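Here is run00.csv, consisting of CSV, C-alpha atoms:
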chain,number,residue,atom,x,y,z
H,1,MET,CA,-35.1,25.4,6.5
H,2,THR,CA,-32.6,27.4,8.5
H,3,GLY,CA,-32.1,25.6,11.8
H,4,LEU,CA,-31.8,22.2,13.3
H,5,PRO,CA,-33.8,20.8,16.2
H,6,SER,CA,-32.3,20.8,19.6
H,7,ILE,CA,-31.1,17.6,21.2
H,8,HIS,CA,-33.9,15.2,22.0
H,9,GLU,CA,-36.5,17.7,21.1
H,10,PRO,CA,-39.8,16.1,21.7
H,11,ALA,CA,-42.4,15.8,19.0
H,12,GLY,CA,-44.9,18.6,18.9
H,13,THR,CA,-42.6,21.4,20.0
H,14,PRO,CA,-42.6,24.9,18.4
H,15,GLU,CA,-43.7,24.9,14.8
H,16,ASP,CA,-40.6,26.7,13.6
H,17,GLN,CA,-38.6,23.7,14.5
H,18,PRO,CA,-38.8,20.8,12.1
H,19,ASP,CA,-40.1,17.5,13.4
H,20,LEU,CA,-38.1,15.3,11.1
H,21,VAL,CA,-39.6,12.1,12.5
H,22,ALA,CA,-43.1,13.3,11.7
H,23,ARG,CA,-42.0,14.4,8.3
H,24,ILE,CA,-40.5,10.9,7.6
H,25,ARG,CA,-43.5,9.1,9.0
H,26,ALA,CA,-45.7,11.2,6.6
H,27,VAL,CA,-43.9,9.8,3.5
H,28,ASP,CA,-45.9,7.2,1.5
H,29,GLY,CA,-44.5,3.8,2.0
H,30,VAL,CA,-42.9,4.4,5.4
H,31,THR,CA,-44.3,2.4,8.2
H,32,ASP,CA,-42.0,3.4,11.0
H,33,VAL,CA,-38.9,5.4,12.1
H,34,TYR,CA,-36.4,4.0,14.6
H,35,SER,CA,-33.6,5.5,16.5
H,36,PRO,CA,-30.2,5.3,14.8
H,37,ARG,CA,-27.9,2.7,16.2
H,38,SER,CA,-26.8,3.7,19.7
H,39,ALA,CA,-23.2,3.7,18.6
H,40,ILE,CA,-24.0,6.4,16.1
H,41,ALA,CA,-26.3,8.4,18.4
H,42,ARG,CA,-23.6,8.5,21.1
H,43,ILE,CA,-20.7,9.6,19.1
H,44,PRO,CA,-19.1,12.9,19.8
H,45,GLY,CA,-20.5,15.5,17.5
H,46,LEU,CA,-24.1,14.7,17.9
H,47,ILE,CA,-25.6,18.1,17.7
H,48,ALA,CA,-29.3,17.4,17.5
H,49,ALA,CA,-31.9,14.8,17.3
H,50,ALA,CA,-35.5,15.1,16.6
H,51,ALA,CA,-37.5,12.6,18.7
H,52,GLY,CA,-40.9,11.3,18.3
H,53,ALA,CA,-42.8,9.1,20.7
H,54,ASP,CA,-45.6,6.7,19.9
H,55,GLY,CA,-46.9,5.1,23.1
H,56,ASP,CA,-44.0,3.2,24.6
H,57,ARG,CA,-41.9,3.4,21.4
H,58,VAL,CA,-39.2,5.9,20.6
H,59,ALA,CA,-37.9,7.2,17.3
H,60,GLU,CA,-35.2,9.7,16.6
H,61,VAL,CA,-33.5,11.2,13.6
H,62,ALA,CA,-29.9,11.9,14.5
H,63,VAL,CA,-28.0,15.0,13.3
H,64,THR,CA,-24.3,14.7,13.7
H,65,VAL,CA,-21.2,16.5,12.3
H,66,ARG,CA,-18.9,14.6,10.0
H,67,ASP,CA,-15.8,16.4,8.6
H,68,GLY,CA,-17.5,19.7,9.5
H,69,MET,CA,-20.7,18.9,7.6
H,70,PRO,CA,-24.0,18.0,9.2
H,71,LEU,CA,-25.1,14.5,8.7
H,72,VAL,CA,-28.8,13.6,9.1
H,73,ALA,CA,-29.3,9.9,9.8
H,74,ALA,CA,-32.6,8.1,9.8
H,75,ARG,CA,-33.5,4.4,10.2
H,76,ILE,CA,-36.8,3.4,8.8
H,77,ALA,CA,-39.2,0.6,8.0
H,78,THR,CA,-41.1,0.4,4.7
H,79,ALA,CA,-44.3,-1.3,3.7
H,80,SER,CA,-44.0,-4.6,1.8
H,81,HIS,CA,-46.8,-3.5,-0.5
H,82,ASP,CA,-44.9,-0.5,-1.7
H,83,ASN,CA,-41.6,-0.2,-3.6
H,84,THR,CA,-38.9,0.2,-1.0
H,85,PRO,CA,-36.2,2.0,-3.0
H,86,ALA,CA,-38.9,4.5,-4.2
H,87,ALA,CA,-40.1,5.1,-0.6
H,88,ALA,CA,-36.6,5.6,0.7
H,89,ARG,CA,-35.8,8.1,-2.1
H,90,ARG,CA,-39.0,10.0,-1.1
H,91,VAL,CA,-37.7,10.1,2.5
H,92,ALA,CA,-34.3,11.4,1.3
H,93,ASP,CA,-36.1,14.1,-0.7
H,94,ALA,CA,-38.2,15.1,2.3
H,95,LEU,CA,-35.0,15.4,4.4
H,96,LEU,CA,-33.2,17.3,1.7
H,97,ALA,CA,-36.1,19.8,1.7
H,98,ASN,CA,-36.0,20.3,5.4
H,99,THR,CA,-32.3,20.4,6.3
H,100,PRO,CA,-29.4,22.8,5.4
H,101,GLY,CA,-28.1,22.7,1.9
H,102,ASP,CA,-24.8,21.3,3.0
H,103,ALA,CA,-26.2,18.4,5.0
H,104,GLN,CA,-25.5,14.8,4.1
H,105,ILE,CA,-28.4,12.5,4.3
H,106,SER,CA,-28.1,8.8,5.4
H,107,ILE,CA,-31.1,6.5,5.3
H,108,GLN,CA,-31.0,2.9,6.4
H,109,ILE,CA,-33.9,0.6,5.8
H,110,ALA,CA,-33.9,-1.8,8.7
H,111,ARG,CA,-37.3,-3.5,8.2
H,112,ILE,CA,-39.7,-4.2,5.3
H,113,HIS,CA,-43.0,-5.6,6.5
M,1,MET,CA,-24.3,-13.8,27.5
M,2,ASN,CA,-22.3,-15.0,24.6
M,3,ASP,CA,-21.9,-12.3,22.0
M,4,ASP,CA,-22.5,-14.9,19.3
M,5,ASP,CA,-26.0,-15.3,20.7
M,6,ALA,CA,-26.8,-11.6,20.5
M,7,LEU,CA,-28.1,-9.2,17.9
M,8,GLU,CA,-26.1,-6.1,17.3
M,9,CYS,CA,-28.3,-4.2,19.7
M,10,GLY,CA,-27.2,-6.6,22.4
M,11,ARG,CA,-30.5,-8.6,22.8
M,12,SER,CA,-30.2,-12.4,22.6
M,13,ILE,CA,-32.5,-14.7,20.6
M,14,ASP,CA,-33.3,-16.5,23.9
M,15,GLU,CA,-34.5,-13.2,25.4
M,16,LEU,CA,-36.6,-12.5,22.4
M,17,SER,CA,-38.0,-16.0,22.4
M,18,SER,CA,-39.0,-15.6,26.0
M,19,TYR,CA,-40.6,-12.3,25.3
M,20,VAL,CA,-42.7,-13.8,22.5
M,21,GLN,CA,-43.7,-16.7,24.7
M,22,ALA,CA,-44.9,-14.2,27.3
M,23,GLY,CA,-47.1,-12.6,24.7
M,24,ARG,CA,-44.9,-9.6,24.4
M,25,THR,CA,-45.8,-8.5,27.9
M,26,PRO,CA,-44.8,-6.6,29.9
M,27,ARG,CA,-43.9,-4.3,27.0
M,28,ASP,CA,-40.2,-3.9,26.4
M,29,ARG,CA,-39.5,-0.4,25.2
M,30,HIS,CA,-36.3,-1.3,23.5
M,31,ILE,CA,-37.6,-4.4,21.7
M,32,GLU,CA,-40.7,-2.7,20.5
M,33,SER,CA,-38.5,0.2,19.1
M,34,CYS,CA,-35.7,-1.9,17.6
M,35,PRO,CA,-36.1,-3.1,14.0
M,36,ASP,CA,-33.6,-6.0,14.4
M,37,CYS,CA,-35.5,-7.3,17.4
M,38,LEU,CA,-38.8,-6.8,15.6
M,39,ASN,CA,-37.6,-8.8,12.6
M,40,VAL,CA,-36.7,-11.7,14.8
M,41,ILE,CA,-39.9,-11.5,16.8
M,42,GLU,CA,-42.0,-11.5,13.6
M,43,ALA,CA,-40.1,-14.6,12.4
M,44,LEU,CA,-40.5,-16.3,15.8
M,45,GLU,CA,-44.2,-15.6,15.8
M,46,ARG,CA,-44.6,-16.9,12.3
M,47,VAL,CA,-42.8,-20.1,13.2
M,48,GLY,CA,-45.0,-20.5,16.3
M,49,GLN,CA,-48.2,-19.9,14.2
M,50,LEU,CA,-47.0,-22.3,11.6
M,51,SER,CA,-46.4,-24.9,14.3
M,52,ARG,CA,-49.9,-24.4,15.6
M,53,ASP,CA,-51.4,-24.6,12.2
M,54,LEU,CA,-49.6,-27.7,11.3
M,55,VAL,CA,-50.6,-29.4,14.6
M,56,ALA,CA,-54.2,-28.5,13.6
M,57,ASP,CA,-53.7,-29.9,10.1
M,58,ASP,CA,-52.1,-33.0,11.5
M,59,ALA,CA,-55.2,-33.7,13.6
M,60,GLU,CA,-57.1,-33.9,10.3
M,61,HIS,CA,-54.9,-35.3,7.6
M,62,LEU,CA,-51.7,-33.4,6.9
M,63,PRO,CA,-48.5,-34.6,8.5
M,64,ARG,CA,-46.4,-32.0,10.2
M,65,PRO,CA,-42.7,-31.3,9.8
M,66,PRO,CA,-40.5,-33.0,12.4
M,67,GLU,CA,-39.4,-31.2,15.5
M,68,SER,CA,-35.9,-31.1,14.2
M,69,TRP,CA,-37.2,-28.9,11.3
M,70,PHE,CA,-38.6,-26.3,13.8
M,71,GLU,CA,-35.3,-26.4,15.7
M,72,GLY,CA,-33.5,-25.9,12.5
M,73,ILE,CA,-35.6,-22.9,11.6
M,74,LEU,CA,-35.0,-21.3,15.0
M,75,SER,CA,-31.3,-21.8,14.5
M,76,VAL,CA,-31.5,-20.2,11.1
M,77,ILE,CA,-33.5,-17.2,12.5
M,78,HIS,CA,-30.8,-16.9,15.1
M,79,SER,CA,-28.0,-16.8,12.6
M,80,GLU,CA,-29.6,-14.9,9.7
M,81,LEU,CA,-31.6,-12.0,11.1
M,82,ARG,CA,-28.8,-9.8,12.3
M,83,ALA,CA,-28.6,-6.5,10.5
M,84,GLY,CA,-25.5,-7.7,8.7
M,85,ARG,CA,-24.3,-6.0,5.5
M,86,SER,CA,-25.7,-2.9,4.0
M,87,PHE,CA,-26.9,-3.0,0.4
M,88,PRO,CA,-26.9,0.3,-1.5
M,89,ILE,CA,-29.9,2.0,-3.1
M,90,HIS,CA,-29.3,4.7,-5.6
M,91,HIS,CA,-30.3,8.3,-5.2
M,92,PRO,CA,-29.4,10.9,-7.8
M,93,ASP,CA,-28.2,13.5,-5.2
M,94,PRO,CA,-24.6,12.7,-4.1
M,95,ARG,CA,-25.4,14.0,-0.6
M,96,VAL,CA,-27.7,11.1,-0.1
M,97,THR,CA,-26.7,7.6,1.0
M,98,ILE,CA,-29.5,4.9,1.2
M,99,THR,CA,-28.9,1.3,2.3
M,100,VAL,CA,-31.1,-1.6,3.2
M,101,THR,CA,-29.8,-4.0,5.8
M,102,GLU,CA,-29.1,-7.7,5.0
M,103,GLY,CA,-31.3,-8.6,7.9
M,104,ALA,CA,-34.3,-6.7,6.6
M,105,VAL,CA,-33.9,-8.4,3.2
M,106,ARG,CA,-33.6,-11.9,4.6
M,107,SER,CA,-36.6,-11.2,6.9
M,108,LEU,CA,-38.6,-10.0,3.9
M,109,VAL,CA,-37.7,-13.1,1.9
M,110,ARG,CA,-38.6,-15.4,4.8
M,111,SER,CA,-42.0,-13.7,5.4
M,112,SER,CA,-42.8,-13.8,1.7
M,113,ALA,CA,-41.9,-17.5,1.4
M,114,ASP,CA,-44.0,-18.4,4.4
M,115,GLU,CA,-47.0,-17.5,2.3
M,116,LEU,CA,-46.4,-20.3,-0.1
M,117,ASP,CA,-48.2,-23.5,0.8
M,118,GLY,CA,-46.2,-26.8,0.8
M,119,ILE,CA,-42.7,-25.5,0.9
M,120,TYR,CA,-40.9,-24.0,3.9
M,121,LEU,CA,-37.8,-21.9,3.7
M,122,GLY,CA,-34.6,-23.0,5.5
M,123,ARG,CA,-31.4,-21.0,5.0
M,124,THR,CA,-31.2,-17.9,3.0
M,125,GLN,CA,-27.8,-16.8,1.7
M,126,ILE,CA,-27.0,-13.7,-0.3
M,127,VAL,CA,-23.8,-14.6,-2.1
M,128,GLY,CA,-21.6,-12.0,-3.7
M,129,ASP,CA,-20.4,-8.5,-3.3
M,130,ALA,CA,-23.9,-7.2,-2.6
M,131,GLU,CA,-22.5,-3.9,-1.1
M,132,THR,CA,-21.2,-2.8,-4.5
M,133,PRO,CA,-23.9,-1.4,-6.7
M,134,GLY,CA,-24.6,-3.6,-9.7
M,135,ALA,CA,-22.4,-6.4,-8.6
M,136,PRO,CA,-23.9,-9.8,-9.5
M,137,VAL,CA,-25.2,-11.7,-6.5
M,138,ARG,CA,-26.9,-15.1,-6.2
M,139,ILE,CA,-29.4,-16.2,-3.7
M,140,ASP,CA,-29.0,-19.7,-2.3
M,141,LEU,CA,-32.0,-21.1,-0.5
M,142,THR,CA,-32.7,-24.4,1.2
M,143,ALA,CA,-36.2,-25.7,1.7
M,144,SER,CA,-38.4,-28.5,3.0
M,145,VAL,CA,-41.2,-29.7,0.7
M,146,ALA,CA,-44.4,-31.4,1.8
M,147,TRP,CA,-44.5,-35.1,0.9
M,148,GLY,CA,-46.5,-35.7,-2.2
M,149,ARG,CA,-46.2,-32.2,-3.6
M,150,SER,CA,-44.4,-31.4,-6.8
M,151,ILE,CA,-40.8,-30.3,-6.0
M,152,PRO,CA,-40.3,-28.6,-9.4
M,153,ASP,CA,-43.5,-26.6,-9.1
M,154,LEU,CA,-42.9,-25.5,-5.6
M,155,THR,CA,-39.3,-24.6,-6.1
M,156,SER,CA,-40.2,-22.7,-9.2
M,157,ALA,CA,-42.8,-20.8,-7.3
M,158,LEU,CA,-40.3,-20.0,-4.6
M,159,ARG,CA,-37.7,-18.9,-7.1
M,160,ASP,CA,-40.2,-16.6,-8.9
M,161,LEU,CA,-41.3,-15.1,-5.6
M,162,VAL,CA,-37.8,-14.3,-4.4
M,163,TYR,CA,-36.9,-12.8,-7.7
M,164,ARG,CA,-40.0,-10.6,-7.6
M,165,VAL,CA,-39.6,-9.6,-4.0
M,166,LEU,CA,-35.9,-8.6,-4.4
M,167,ALA,CA,-36.6,-6.7,-7.6
M,168,GLU,CA,-39.3,-4.7,-5.9
M,169,HIS,CA,-37.5,-4.0,-2.6
M,170,THR,CA,-33.8,-3.9,-3.4
M,171,GLU,CA,-31.5,-2.9,-6.2
M,172,LEU,CA,-29.5,-6.1,-6.0
M,173,ASN,CA,-28.4,-7.5,-9.3
M,174,VAL,CA,-29.7,-11.0,-8.7
M,175,THR,CA,-28.3,-13.3,-11.3
M,176,ALA,CA,-29.6,-16.6,-9.9
M,177,VAL,CA,-31.9,-18.0,-7.2
M,178,ASN,CA,-30.9,-21.5,-6.3
M,179,VAL,CA,-33.2,-23.7,-4.3
M,180,ALA,CA,-31.9,-26.9,-2.7
M,181,VAL,CA,-34.6,-29.1,-1.2
M,182,GLU,CA,-32.9,-30.7,1.8
M,183,GLU,CA,-35.9,-32.3,3.4
M,184,LEU,CA,-39.3,-33.7,2.7
M,185,HIS,CA,-41.7,-33.4,5.6
M,186,GLY,CA,-44.7,-35.6,6.3
M,187,THR,CA,-43.2,-38.8,5.0
M,188,GLU,CA,-44.5,-42.1,6.3
M,189,GLY,CA,-43.2,-43.0,9.8
M,190,GLU,CA,-42.0,-39.5,10.5
M,191,GLU,CA,-43.0,-37.6,13.6

Write-out of the structure in C-alpha cells:
Amino acid sequence: MTGLPSIHEPAGTPEDQPDLVARIRAVDGVTDVYSPRSAIARIPGLIAAAAGADGDRVAEVAVTVRDGMPLVAARIATASHDNTPAAARRVADALLANTPGDAQISIQIARIH
Amino acid sequence: MNDDDALECGRSIDELSSYVQAGRTPRDRHIESCPDCLNVIEALERVGQLSRDLVADDAEHLPRPPESWFEGILSVIHSELRAGRSFPIHHPDPRVTITVTEGAVRSLVRSSADELDGIYLGRTQIVGDAETPGAPVRIDLTASVAWGRSIPDLTSALRDLVYRVLAEHTELNVTAVNVAVEELHGTEGEE
C-alpha cells in the first residue's frame, strides 16, 4: 500500500484507496469498528480517516502523525465466542499489510460481546 | 450534568437509562456507535430482563432479590463500566500497540456471570498493576446468592467462569479470583 485515505473518505470510494474500516470488519472475530475517541480524532495532525457507515452508525479508523510517524488508530469490538487477543492481532496484521511500513498501529478493544 | 455521572464520552447513566426505557428510540447516532455507551446499555437491558424474569418466577415460586439489590446493581454499572484503564495485549511487531479497556473486561465478566443461575454479580474489581504486562492481578467480586442454594458450589462456578473468560479474552496474569457473598436473596420475609 502506498497511500492513505483522505479525510473522512466514505466507504466504497475508489478501489485504489484502502477502506480500512471494511478491512477490519472482515477480520474473523471482529464484530464492530468504532470511531476513535473524539479527543484523538480532533488532535492537530489528523491527516486521514477512513470512514464506514452502517445505517445510522459511524465508524472511523484515524490516521494521525506522531513524532513524524503515521499512527493508525482503531477501536473495535470482538466476539465473545472467539479469542480476543488473537482477533486483535489479526486486525493488527491486516493494518500492517495495508499501511505504510513506518506506520505505528494502535488497536483498542472497547467491547467484547 | 455532574462529570461524575458521565462516561468518558460525556453521556450520563441517567441519559442511557432513559434511552433504554424508551426502547432505544428514536435512534441516537452517538449511543449506537459508542462502545462505552453500548456496554452500559447492554448491562442495563440485562438487569431489566433479569428483573422481569424474577418477577415472573416470583409469581410461581422463586423469591426475587430485593429492590435494594437492583438499585445496587445500577449503582455498580454506573461506577464500573467506564472505559477506565487499558490492559496490554502482546503483538510481536514493535510498531503495534494493542489494549483492551477495563470497561470492556468488566462488562464481559458481568455478562458472562449473568448466565449463571442462582448467583448474581455485584461489584467487580481488578486489583493490581494490570497495565503492566505480566504483573499479577487479582479479581475481587461480590455476589448475591439465592436462598437455599449452595454457596460453595455457586462461588466455585463463578470463580471458574471468571478465570476462563479472562484467560480467553485478556492477557491478565490473574493470580486469584475472590468472591465475597454479601447478600442472600429470597430469604423469608424479604420483599

Looking at all atoms listed in the file, which of M:Glu71, M:Ile89, M:Gln125, M:Arg95 is the one that sits closest to H:Pro70?
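Among the listed residues, M:Arg95 lies closest to H:Pro70.
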
Any idea what's packed within 8 Å of stretch 80-93 of chain H, counting all atoms listed in the file, ignoring anything in its chain fewer than 3 positions away? Could you give it as a compact mmCIF listing (two decimals) with C-alpha atoms, keeping the file's coordinate frame?
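Below you can see selection_27.txt, which holds the result:
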# COMPACT_ATOMS: atom_id res chain seq x y z
CA ILE H 24 -40.50 10.90 7.60
CA VAL H 27 -43.90 9.80 3.50
CA ASP H 28 -45.90 7.20 1.50
CA GLY H 29 -44.50 3.80 2.00
CA VAL H 30 -42.90 4.40 5.40
CA LEU H 96 -33.20 17.30 1.70
CA ALA H 97 -36.10 19.80 1.70
CA ILE H 105 -28.40 12.50 4.30
CA SER H 106 -28.10 8.80 5.40
CA ILE H 107 -31.10 6.50 5.30
CA ILE H 109 -33.90 0.60 5.80
CA ILE H 112 -39.70 -4.20 5.30
CA HIS H 113 -43.00 -5.60 6.50
CA ILE M 89 -29.90 2.00 -3.10
CA HIS M 90 -29.30 4.70 -5.60
CA HIS M 91 -30.30 8.30 -5.20
CA VAL M 96 -27.70 11.10 -0.10
CA ILE M 98 -29.50 4.90 1.20
CA LEU M 108 -38.60 -10.00 3.90
CA GLU M 168 -39.30 -4.70 -5.90
CA HIS M 169 -37.50 -4.00 -2.60
CA THR M 170 -33.80 -3.90 -3.40
CA GLU M 171 -31.50 -2.90 -6.20

Excluding H:Gln108 and residues on its chain fewer than 6 positions from it, collect all residues at most 8 Å away from it, counting all atoms listed in the file, and give them as a PyMOL selection string.
(chain H and resi 73-76) or (chain M and resi 98-101)

List the spatial neighbours of M:Val137 as a list in words - criterion: any atom at most 9 Å away, all atoms listed in the file, same-chain residues fewer than 2 positions off excluded.
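So the residues in contact are Ile126, Val127, Gly128, Asp129, Ala130, Gly134, Ala135, Ile139, Leu172, Asn173, Val174, Thr175 and Ala176 of chain M.
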
One decimal, Å: what's the distance from atom CA of H:Leu20 over to atom CA of M:Pro88, could you say?
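Atom CA of M:Pro88 lies at a distance of 22.6 Å from atom CA of H:Leu20.
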
Between M:Cys34, M:Leu154, M:Leu16, M:Ile119, which has the minimum distance to chain H (counting only C-alpha atoms)?
M:Cys34

Find, counting all atoms listed in the file, the residue in H:Tyr34, H:Arg23, H:Thr99, H:Arg66 that gets nearest to chain M.
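Comparing H:Tyr34, H:Arg23, H:Thr99, H:Arg66 against chain M, the winner is H:Tyr34.
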
Report the distance between atom CA of M:Gly103 and atom CA of M:Asn39 in Å, rounded to one decimal place.
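Calculated distance between atom CA of M:Gly103 and atom CA of M:Asn39 is 7.9 Å.
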
10 Å contact set for M:Asp14, all atoms listed in the file, chain neighbours under 5 positions out, as a ChimeraX atom specification:
/M:5-6,19-20,78

Pairwise distance, atom CA of M:Arg110 with atom CA of H:Thr31, equals 19.0 Å

Given all atoms listed in the file as the basis, pick out the residue of M:Ala167, M:Leu161, M:Thr142, M:Pro133 nearest to chain H.
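Smallest separation from chain H among the options: M:Ala167.
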
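The closest residue to chain M, picked from H:Asn98, H:Asp67, H:Val33, H:Ala26 and counting only C-alpha atoms, is H:Val33.
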